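Engineer: Shown below is the structure under consideration.
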Amino acid sequence: MVDMETNLTAGMTALASLPTIVPAPDLCREPLSIGGVAMPSRFFFAPMAGYSSLALRLALRELGGLGLATTELVNARSLIEKRQKAYELSETCAEEEPVSIQLYGHVAAEMIEAARICVGMGASMIDINMGCPVKKIVKSGGGSALLCDVGGASLLVEAVVKSVEIPVTVKMRLGWDDATPTAPELSRKFEQIGVAAVIIHGRTREQSFMGKVNLQGIASVVESVDKMPVVGNGDVRTLADAEAMFRETGCDAISIGRGALGNPFIFRQLAHWAKHGEPGPEPGFTDRLNLMDRHFHKLVELRGEYQACTQFRKTLAWYQHAIRAPKHLYHQLINLPSVARFDETIAEMRSEGPVGPLPSHFEPKIPTPKGPIDKW
Ligand SMILES: Cc1cc2nc3c(=O)[nH]c(=O)nc-3n(C[C@H](O)[C@H](O)[C@H](O)COP(=O)(O)O)c2cc1C
């Protein structure tokens with residue numbers, strides 16, 4: 001098995017380390033704390049609605065190298081109304097530390113109450129969403145709509161900062177559009193009112209997910225603040241991207257979303273790179289299968305057998321792409337009836353091994369809003 005694995009992964013393009021391995025900035029080896037909460041590393045998992053489940057966050061954390069994980073955005077009002085979905089999205093547990101629960105809303109009283117609920121649920125930090133571009137959220141005055149109202153956004157954030165003992169951060173875009181780059185001004189204000197860090201996605205709301213991330217825009221946020229940590233976000237897929245994000249922006253940490261779905265081992269590789277100058281061994285068939293196994297079993301623990309079997313379908317194709325199990329075994333997992341069948345199938349996959357060379361990446365298809373901005 002070991003030989004087969006070595007052969008199959010040898011020569012595989014290690015995308016995370018191409019084209020050449022650049023040295024990690026010294027900063028990556030220095031400790032970082034945000035509002036007094038120690039970060040295990042400077043490599044964070046960005047919130048992604050529909051993907052950042054507790055099961056996946058825990059499975060990623062077990063791989064090593066992950067600093068802060070954040071839940072996907074949770075509607076403050078839904079949490080107050082005790083809606084099950086909102087509770088599921090903000091659920092965390094003792095093994096998950098540090099974790100930030102991300103809230104969105106625009107009514108201070110609701111944000112305060114929801115933030116207090118999050119403290120009770122075990123959040124290490126609260127993150128306020130000021131970046132979501134989706135019309136439904138923007139229309140209600142939340143998400144990136146807050147970028148257009150520096151005064152109102154500051155009052156909202158200050159109310160939350162004052163109402164909880166844990167650190168509060170803000171995740172935002174550079175501004176609504178190129179003509180209104182409000183992130184530097186907002187960040188300066190936020191630092192004055194006690195925000196512990198800002199996470200900047202280097203695009204405007206108008207850009208959605210199009211074009212390249214604007215590192216200069218993130219740098220302008222770094223320059224606008226005094227000591228508050230700034231976390232750079234957007235388009236980090238490789239070690240070279242990570243290095244460029246640190247070097248070109250002067251940010252204190254980086255946050256990775258889609259890159260971590262494409263390569264769940266990226267945090268481990270970045271941490272290894274920070275320490276040893278290279279990303280360490282390429283994850284082989286067994287590493288990938290173990291990840292799939294842990295992810296599924298976390299889901300079973302959290303959601304029970306029936307939900308785990310149905311929810312896991314969503315990620316099955318990525319795993320199959322990355323492990324290249326024999327087709328008949330993959331088909332056994334598609335209409336998965338039970339945990340027992342999953343375990344039998346994994347055992348068979350282990351003994352049969354992959355059918356060909358492993359690709360360097362998993363292949364999640366992640367839809368993002370496209371087309372005219374007024375249609376999202
Ligand atoms: C499918 C999807 C869902 C997202 N959901 C959230 C969210 O819930 N909260 C948030 O602040 N950002 C969200 N984002 C934005 C990401 O956190 C991140 O800022 C963006 O994808 C750029 O980083 P990346 O290139 O590393 O993915 C989402 C992005 C995607 C693609």
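Following the order of the structure tokens, first chain is A, next is B, and so on, with residues numbered from 1 inside each chain and ligands from 1 in the order they appear.
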Please return, as a PyMOL selection string, all residues of range 237-299 of chain A that DSSP assigns to strand (DSSP E or B) on the basis of the backbone.

Structural biologist: chain A and resi 253-256

Engineer: Selected residues, C-alpha atoms, written as a PDB file, in the first residue's frame, please.

Structural biologist:
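Okay, this is what ended up in result05.pdb:
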ATOM      1  CA  ALA A 253      -2.794  36.970   8.979  1.00  0.00           C
ATOM      2  CA  ILE A 254      -4.545  35.508   5.963  1.00  0.00           C
ATOM      3  CA  SER A 255      -7.978  34.015   5.581  1.00  0.00           C
ATOM      4  CA  ILE A 256      -8.626  31.311   2.976  1.00  0.00           C
TER       5      ILE A 256
END

Engineer: Please identify all polymer residues within 7 Å of Met349 in chain A, counting only C-alpha atoms, omitting same-chain residues fewer than 4 positions from it, and present them as a VMD selection string.

Structural biologist: chain A and resid 325 329 345 353

Engineer: Which residues, written as a PyMOL selection string, have at least one atom at most 10 Å from Gly50 in chain A, with only C-alpha atoms counted and residues fewer than 2 positions away on the same chain left out?

Structural biologist: chain A and resi 47-48+52-53+72-73+89+314+366

Engineer: With N, CA and C atoms retained, could you export that selection as a CSV table (one decimal), in the first residue's frame?

Structural biologist:
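This went into part-v3.csv:
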chain,number,residue,atom,x,y,z
A,47,PRO,N,-15.2,32.2,6.3
A,47,PRO,CA,-16.6,31.8,6.4
A,47,PRO,C,-17.2,31.6,5.0
A,48,MET,N,-17.9,30.5,4.7
A,48,MET,CA,-18.5,30.3,3.5
A,48,MET,C,-19.9,29.6,3.6
A,52,SER,N,-19.1,26.0,5.4
A,52,SER,CA,-18.3,26.0,6.6
A,52,SER,C,-19.0,25.3,7.8
A,53,SER,N,-19.4,24.1,7.6
A,53,SER,CA,-20.1,23.4,8.7
A,53,SER,C,-19.1,23.1,9.8
A,72,GLU,N,-20.3,30.2,9.0
A,72,GLU,CA,-20.9,31.0,8.0
A,72,GLU,C,-21.8,32.1,8.6
A,73,LEU,N,-22.2,33.0,7.8
A,73,LEU,CA,-23.0,34.1,8.4
A,73,LEU,C,-24.4,33.6,8.9
A,89,LEU,N,-26.2,26.5,12.4
A,89,LEU,CA,-25.1,27.2,11.8
A,89,LEU,C,-24.1,27.8,12.8
A,314,LYS,N,-23.3,15.9,-0.7
A,314,LYS,CA,-22.9,17.2,-1.3
A,314,LYS,C,-21.4,17.2,-1.6
A,366,ILE,N,-18.0,25.5,-6.7
A,366,ILE,CA,-18.5,26.5,-5.8
A,366,ILE,C,-19.2,27.7,-6.6

Engineer: So which residues touch Met228 in chain A within 10 Å, counting only C-alpha atoms, skipping near sequence neighbours fewer than 6 positions away, as a PyMOL selection string?

Structural biologist: chain A and resi 34-35+187-188+190-192+194-198+222+252

Engineer: Could the residues that lie within 6 Å of ligand 1, counting only C-alpha atoms and all ligand atoms, be listed as a short mmCIF file (atom, residue, chain, number, x, y, z; two decimals) with N, CA and C atoms, in the first residue's frame?

Structural biologist:
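Output saved as selection.cif:
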data_model
loop_
_atom_site.label_atom_id
_atom_site.label_comp_id
_atom_site.auth_asym_id
_atom_site.auth_seq_id
_atom_site.Cartn_x
_atom_site.Cartn_y
_atom_site.Cartn_z
N ALA A 46 -11.84 31.00 6.05
CA ALA A 46 -12.85 32.04 5.82
C ALA A 46 -14.26 31.46 5.87
N PRO A 47 -15.23 32.24 6.34
CA PRO A 47 -16.61 31.76 6.37
C PRO A 47 -17.18 31.58 4.97
N MET A 48 -17.86 30.47 4.75
CA MET A 48 -18.51 30.26 3.45
C MET A 48 -19.87 29.59 3.64
N ALA A 49 -20.92 30.35 3.34
CA ALA A 49 -22.28 29.85 3.51
C ALA A 49 -22.45 28.57 2.70
N GLU A 72 -20.30 30.22 9.04
CA GLU A 72 -20.90 31.03 7.98
C GLU A 72 -21.79 32.09 8.61
N LEU A 73 -22.24 33.03 7.81
CA LEU A 73 -23.04 34.14 8.36
C LEU A 73 -24.36 33.62 8.94
N ASN A 129 -20.58 40.61 9.80
CA ASN A 129 -20.48 40.56 8.33
C ASN A 129 -20.81 41.91 7.71
N GLY A 131 -19.66 42.21 4.34
CA GLY A 131 -19.12 41.95 3.01
C GLY A 131 -20.08 41.22 2.09
N CYS A 132 -21.14 40.63 2.67
CA CYS A 132 -22.00 39.81 1.82
C CYS A 132 -22.65 40.68 0.73
N LYS A 171 -15.72 41.58 9.21
CA LYS A 171 -15.23 41.11 7.91
C LYS A 171 -15.91 41.96 6.84
N HIS A 201 -11.70 41.29 2.53
CA HIS A 201 -11.75 40.64 1.22
C HIS A 201 -11.44 41.74 0.21
N ASN A 233 -7.66 38.74 2.76
CA ASN A 233 -8.47 37.64 2.23
C ASN A 233 -8.74 37.84 0.74
N GLY A 234 -8.71 36.69 0.03
CA GLY A 234 -9.09 36.68 -1.38
C GLY A 234 -8.07 36.02 -2.27
N ASP A 235 -8.52 34.95 -2.93
CA ASP A 235 -7.74 34.29 -3.99
C ASP A 235 -6.45 33.62 -3.53
N VAL A 236 -6.31 33.31 -2.25
CA VAL A 236 -5.10 32.58 -1.83
C VAL A 236 -5.34 31.08 -2.08
N ILE A 256 -8.50 32.06 4.24
CA ILE A 256 -8.63 31.31 2.98
C ILE A 256 -9.99 30.62 2.93
N GLY A 257 -10.72 30.86 1.86
CA GLY A 257 -12.02 30.23 1.69
C GLY A 257 -11.97 29.13 0.65
N ARG A 258 -12.21 29.52 -0.61
CA ARG A 258 -12.30 28.52 -1.68
C ARG A 258 -11.03 27.69 -1.82
N GLY A 259 -9.90 28.31 -1.54
CA GLY A 259 -8.62 27.59 -1.64
C GLY A 259 -8.56 26.41 -0.67
N ILE A 366 -17.98 25.54 -6.74
CA ILE A 366 -18.53 26.53 -5.81
C ILE A 366 -19.19 27.66 -6.59
N THR A 368 -20.72 31.12 -7.39
CA THR A 368 -20.70 32.47 -6.80
C THR A 368 -21.60 33.34 -7.67
#

Engineer: Name the closest residue to His321 in chain A among the candidates A:Ser154, A:Ser100, A:Thr70, A:Asn263; distances are taken between atoms, counting only C-alpha atoms.

Structural biologist: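 For His321 in chain A, the nearest of the candidates is A:Asn263.
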